[in-house]
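All remarks here apply to the structure that follows.
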Amino acid sequence: MAAHLKKRVYEEFTKVVQQQHEDLSAKKLRLTKPSKSAALHVDLCKATSPADALQYLLQFARKPVEVESVEGVVRILLEHYYKENDASVRLKIASLLGLLSKTAGFSPDCIMDDAINTLQNEKSHQVLAQLLDTLLVIGTKLTENPPVRMRLVEVACKHLTDSSHGVRNKCLQLIGCLGPVEKGAAKESESQAAKDVQKIIGDHFNDQDPRVRTAAIKAMLQLHERGLKLQQAIYSQACKLLADDYEQVRSAAVQLIWVLSQLYPESIVPIPSSNEEIRLVDDAFGKICHMVSDGSWVVRVQAAKLLGSMQQVSSHFLDQTLDKKLMSDLRRKRTAHERAKELYSSGEFSSGRKWGDDAPKEEIDTGAVNLIESGACGAFVHGLEDEMYEVRIAAVEALCMLAQSSPSFAEKCLDFLVDMFNDEIEEVRLQSIHTMRKISNNITLREDQLDTVLAVLELPGRKLVSSPVSPSIPPHEDPSQQFLHQSLERVYNLQHLDPQGIQELLEFTIRDLQRLGELQSELAGMADFTATYLQCQLLLIKALQEKLWNVAAPLYLKQNALASAAAKQILEETYKMEFMYSGVESRQVVIIHHMRLQAKALQLIVTARTTRGVEPLFGMCEKFLQEVDSFQRCFISELPHMQGSFVDKLLDLMPRLVTSKPSEVVKILQTTLRQSTFLHLPLPEQLHRATANIIEPTGESDNPLRFTSGLVVALDVDATLEHVQDPQGTVKVQVLYPDGQAQLIHPKPADFRNPGPGRHRLITQVYLSHTAWTEPCQIEVRLLLAYNSNRSKAAAKLPKSAWNESLEALPPPENGIEGTIPFSKPVKVYIMPKPARR
């Protein structure tokens, strides 16, 4: 039966429909595609075990599904779901239902009832959580249908009593994303459970599982982001969560308290330890200050960052963050020196015979009463002295934001900022310099402070000497940027020079741009990017010299090798330009791909001169023409700005190229390359090159790291990354052994930290293993930047459905060009694998 059904499915693929026209020469053929649902049904029918069914589902997930086939595929999956007894297969089917629901142009309301019905008899907690995630996807696509959202919220409320934390997490997430936020929505609903989503979520603040408590707080924050005004009564609940045992709960609670302080800044709340009352924003400020001393560095970083945005806090509370004086019973504790001085000045000491003769005689000054918690006093002092440099950077940034809005506070925090100029971490020192520049209008440096600043600026390293251009100065008035643009304009006018003059001008300009990048750190990325582009153009010009092509190929093998090496180097440089720089826009991407296309044309020309026979060239020419067509589809909107370029002339000659022999194609490419104009490279506003610096291992130790051969040893790796996009997916650690073996390690996402914008810290372990050696040798450790051309910005411009977007985690197709780019200096480490004892 299965074979008969498969035969009938593939019969559909062979149907040919002919459309008759008056002109017999203009006949068109249309092939109908096979039904995806039928093909999936055939595969699932062939499955003899759950493992086979799971394999078929995995293979099916790698194929895109058309919009018109989605509903049929869903029906087949649901039919198999009800029959399947294996939980892993049902879990995969539930996942596929969610992916199919994301397909662009498909409305999932037709499958919502079936998806809800699958929850009734499901016993597996993992499958239940996945089904709820699918319902969340459906509800997200049907946001304009309030009855559907309310029904999904009711379903989630029914499963909040599940014993699995994963199910409860998904329920809270669904309520937070789909719960009613419109006024009057709760009154129109007939369900009692959906009337107050804030109460439902708030009841789970005290859940026994910390993951559920975290999900409940995040669901409450999601309601706030969607426009629902949170109730003030939640504030007391959130404050209790600050003492939770788990850092994820405390981190989310800090954020919730900050949100409530922005919603109700002037509300009055009582102080638990006294009969006093205080503004909510001041109380929240004190509690967040207290979290700057939390045991988790993640919580400390978040608390320090949020303090900078609390600009409605009272000035006397703000000043206490810079004072470490302890408080007792809402009054300041005097130091031992102060108490001794007072006794000495009074001339008498307590004899102890009279009760209470040593009691304080002074009256309590209400202005001196401190209502802030003792742990919150000196919050910024604690933050600036923290052992983690991420916390120190966050504290400096928060001081900057508060000092910009308060001139008096800027003067008081000046000493602390100047002290941070001596921090051991360069990033902290740089952040302090930037902060001083931003608040320069509100401060006046003393002579001793100026000496400290000048002493730091005299340190080696240009990054500290050169500070960014002030925002008040327009970019066109900066001399360095003027020099950069003038250099490019001079290079673009090459037509009036002879070939030798063109090469010399390019070489001089590349040298000047490289020096500019060394002297001006803020322009280093833009200067290096431009110099790399000019270097590619120089290589292309040298490879296309007349003397190289006027002699027979066998007599010019050396020059052919030079041209081949030039093409290879251009390809490498274009990949660096596309994937090693942050801030690259579509205008630059099209120029990069155009240069890469010219390098591939040069490769084809050199290959044709050194290849015997015509047959191998057919495939090469066809592949190159496909790349030209792909370029046209990716950058069709940019083609009007590329008049006279290499690709513009190729597209005009495309009808001739398609019908020509490989030898004619090569001649056309060679002529077109020489006659093409030099495209201008537009520069973006900001451009930064990805860099990495390995802090540990230092590579300075002569003592080898000894371990038994066949076993593993852990090598700690600590590195700073700057301007790396998506470091979790692109940064790799490479280990090169003396025998030529190479090991590529993929760090875990949890190994990356983000101390600030454009900066990351990698702290991981690399496990080494090798056979026994006779003597210690050095291995090289370096960081690589992995790239995939199919996931570049150019590939993103091609139209793709939401189904394809959901498959980003799958392995790349075989035709994708993948590679790695070294972007750190190698560090050498001595190791010595010892033979195992017998």
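The way I read the labels, and the way they are meant: chains A, B, ... in the order of the structure tokens, residue 1 as the first residue of every chain, and ligand 1 as the first ligand shown, with later ones counted on from there.
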
Excluding stretch 413-429 of chain A and residues on its chain fewer than 5 positions from it, collect all residues at most 8 Å away from it, counting only C-alpha atoms, and give them as a CSV table (one decimal) with C-alpha atoms, in the first residue's frame.
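Printed below is around_35.csv as written:
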chain,number,residue,atom,x,y,z
A,322,LEU,CA,29.4,58.1,47.9
A,381,VAL,CA,32.1,53.1,46.5
A,384,LEU,CA,34.0,51.1,42.1
A,389,TYR,CA,35.9,44.7,36.3
A,392,ARG,CA,33.4,48.7,38.0
A,393,ILE,CA,32.6,49.6,34.4
A,396,VAL,CA,31.4,54.3,36.2
A,399,LEU,CA,28.0,57.7,37.8
A,403,ALA,CA,26.5,63.4,37.1
A,436,MET,CA,35.2,62.8,32.5
A,443,ILE,CA,33.2,69.9,36.9
A,449,GLN,CA,43.4,65.7,40.3
A,452,THR,CA,46.7,62.2,38.3
A,453,VAL,CA,45.0,62.6,34.9
A,456,VAL,CA,47.8,58.3,33.3

Contacts of stretch 702-711 of chain A within 6 Å, only C-alpha atoms, excl. fewer than 4 positions in-chain, as a PDB file with C-alpha atoms, in the first residue's frame:
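Result file follows (part.pdb):
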ATOM      1  CA  SER A 769      45.222  15.556  25.059  1.00  0.00           C
ATOM      2  CA  HIS A 770      48.026  13.901  23.100  1.00  0.00           C
ATOM      3  CA  THR A 771      50.260  10.883  22.903  1.00  0.00           C
ATOM      4  CA  ALA A 772      53.483  10.744  24.891  1.00  0.00           C
ATOM      5  CA  TYR A 830      54.747  24.528  27.012  1.00  0.00           C
ATOM      6  CA  ILE A 831      53.157  21.114  27.556  1.00  0.00           C
ATOM      7  CA  MET A 832      54.603  17.688  28.252  1.00  0.00           C
ATOM      8  CA  PRO A 833      52.437  14.563  27.793  1.00  0.00           C
ATOM      9  CA  LYS A 834      54.113  11.856  29.944  1.00  0.00           C
ATOM     10  CA  PRO A 835      53.858   8.139  29.221  1.00  0.00           C
ATOM     11  CA  ALA A 836      51.391   6.278  31.392  1.00  0.00           C
TER      12      ALA A 836
END

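For the atom pair formed by atom CA of A:Gly619 and atom CA of A:Phe646, the distance is 21.5 Å, given to one decimal.
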
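Take the candidates A:Thr118, A:Lys123, A:Lys170, A:Cys621 and check each one against A:Thr659 using only C-alpha atoms; the shortest distance goes to A:Cys621.
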
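Nearest to A:Tyr581 of all the residues A:Ile605, A:Ala527, A:Ala543, A:Leu484 is A:Ala527, based on only C-alpha atoms.
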
Report the residues of stretch 115-341 of chain A whose backbone DSSP state falls under strand (DSSP E or B), written as a short mmCIF file (atom, residue, chain, number, x, y, z; two decimals) with N, CA, C and O atoms, in the first residue's frame.
data_model
loop_
_atom_site.label_atom_id
_atom_site.label_comp_id
_atom_site.auth_asym_id
_atom_site.auth_seq_id
_atom_site.Cartn_x
_atom_site.Cartn_y
_atom_site.Cartn_z
N ILE A 268 4.02 57.05 48.33
CA ILE A 268 4.63 56.94 49.66
C ILE A 268 4.50 55.51 50.15
O ILE A 268 3.43 54.91 50.09
N VAL A 269 5.61 54.96 50.60
CA VAL A 269 5.62 53.60 51.15
C VAL A 269 6.24 53.64 52.53
O VAL A 269 7.11 54.48 52.82
N PRO A 270 5.82 52.76 53.44
CA PRO A 270 6.38 52.74 54.80
C PRO A 270 7.74 52.06 54.84
O PRO A 270 8.06 51.21 54.01
N GLU A 277 7.87 57.20 56.65
CA GLU A 277 7.45 56.90 55.28
C GLU A 277 8.43 57.56 54.31
O GLU A 277 9.12 58.51 54.66
N ILE A 278 8.42 57.07 53.11
CA ILE A 278 9.43 57.51 52.14
C ILE A 278 8.85 57.40 50.73
O ILE A 278 7.91 56.61 50.49
N ARG A 279 9.38 58.19 49.80
CA ARG A 279 8.97 58.09 48.41
C ARG A 279 9.38 56.73 47.84
O ARG A 279 10.43 56.19 48.17
N MET A 327 25.39 53.40 59.67
CA MET A 327 24.24 53.98 60.33
C MET A 327 23.78 53.03 61.44
O MET A 327 23.90 51.82 61.33
N SER A 328 23.26 53.56 62.52
CA SER A 328 22.70 52.75 63.60
C SER A 328 21.45 53.43 64.10
O SER A 328 21.49 54.57 64.55
N ARG A 331 20.76 56.67 62.60
CA ARG A 331 21.67 57.76 62.92
C ARG A 331 23.08 57.32 62.61
O ARG A 331 23.44 56.14 62.69
N ARG A 332 23.94 58.27 62.30
CA ARG A 332 25.30 57.94 61.90
C ARG A 332 26.13 57.53 63.11
O ARG A 332 26.07 58.14 64.17
#

*asked:* I need the residue nearest A:Pro738 from this list: A:Ile200, A:Leu683, A:Val829, A:Ala455. Use only C-alpha atoms for the distance.
replied: A:Val829

_Proximity to A:Lys305 - best of A:Gln262, A:Thr435, A:Gln255, A:Ser274, only C-alpha atoms_ = A:Gln255

*Within 8 Å of A:Cys177, counting only C-alpha atoms, which residues show up once you throw out same-chain ones fewer than 6 positions away? Write them as a PyMOL selection string, please.*
chain A and resi 136+140+219+222-223+226

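Of the listed residues (A:Glu247, A:Asp648, A:Glu182, A:Asp282), A:Asp282 comes nearest to A:Leu318; the distances count only C-alpha atoms.
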
_Residues of stretch 463-693 of chain A classed as helix (DSSP H, G or I) by DSSP on the backbone are to be reported as a PyMOL selection string._
chain A and resi 463-465+475-477+479-492+499-519+521-543+546-549+553-579+586-610+615-634+639-641+646-652+654-659+662-675

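Summary of the local environment: counting only C-alpha atoms, residues at most 9 Å from stretch 582-590 of chain A, other than itself and those fewer than 2 positions away along its chain, are Gly525, Met577, Glu578, Phe579, Met580, Ile592, His593, His594, Met595, Phe631, Cys634, Phe635, Glu638, Leu681, Pro682, Leu683, Pro684, Glu685, Gln686, Leu687, His688, Arg689, Ala690, His723, Val724, Gln725, Lys793 and Ala794 of chain A.
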
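Interatomic distance, atom CA of A:Ala524 to atom CA of A:Asp726: 21.3 Å.
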
*For A:Tyr246, list every protein, DNA or RNA residue within 10 Å, evaluated using only C-alpha atoms, and leave out those in the same chain fewer than 3 positions away; present the list as a ChimeraX atom specification.*
/A:210-211,213-214,241-243,249-251,296

*Might you pull out every residue within 12 Å of stretch 68-84 of chain A, with only C-alpha atoms counted and same-chain residues fewer than 6 positions away left off, and present them as a PyMOL selection string?*
chain A and resi 33-45+47-51+53-54+56-57+60-61+90-122+127+131+803
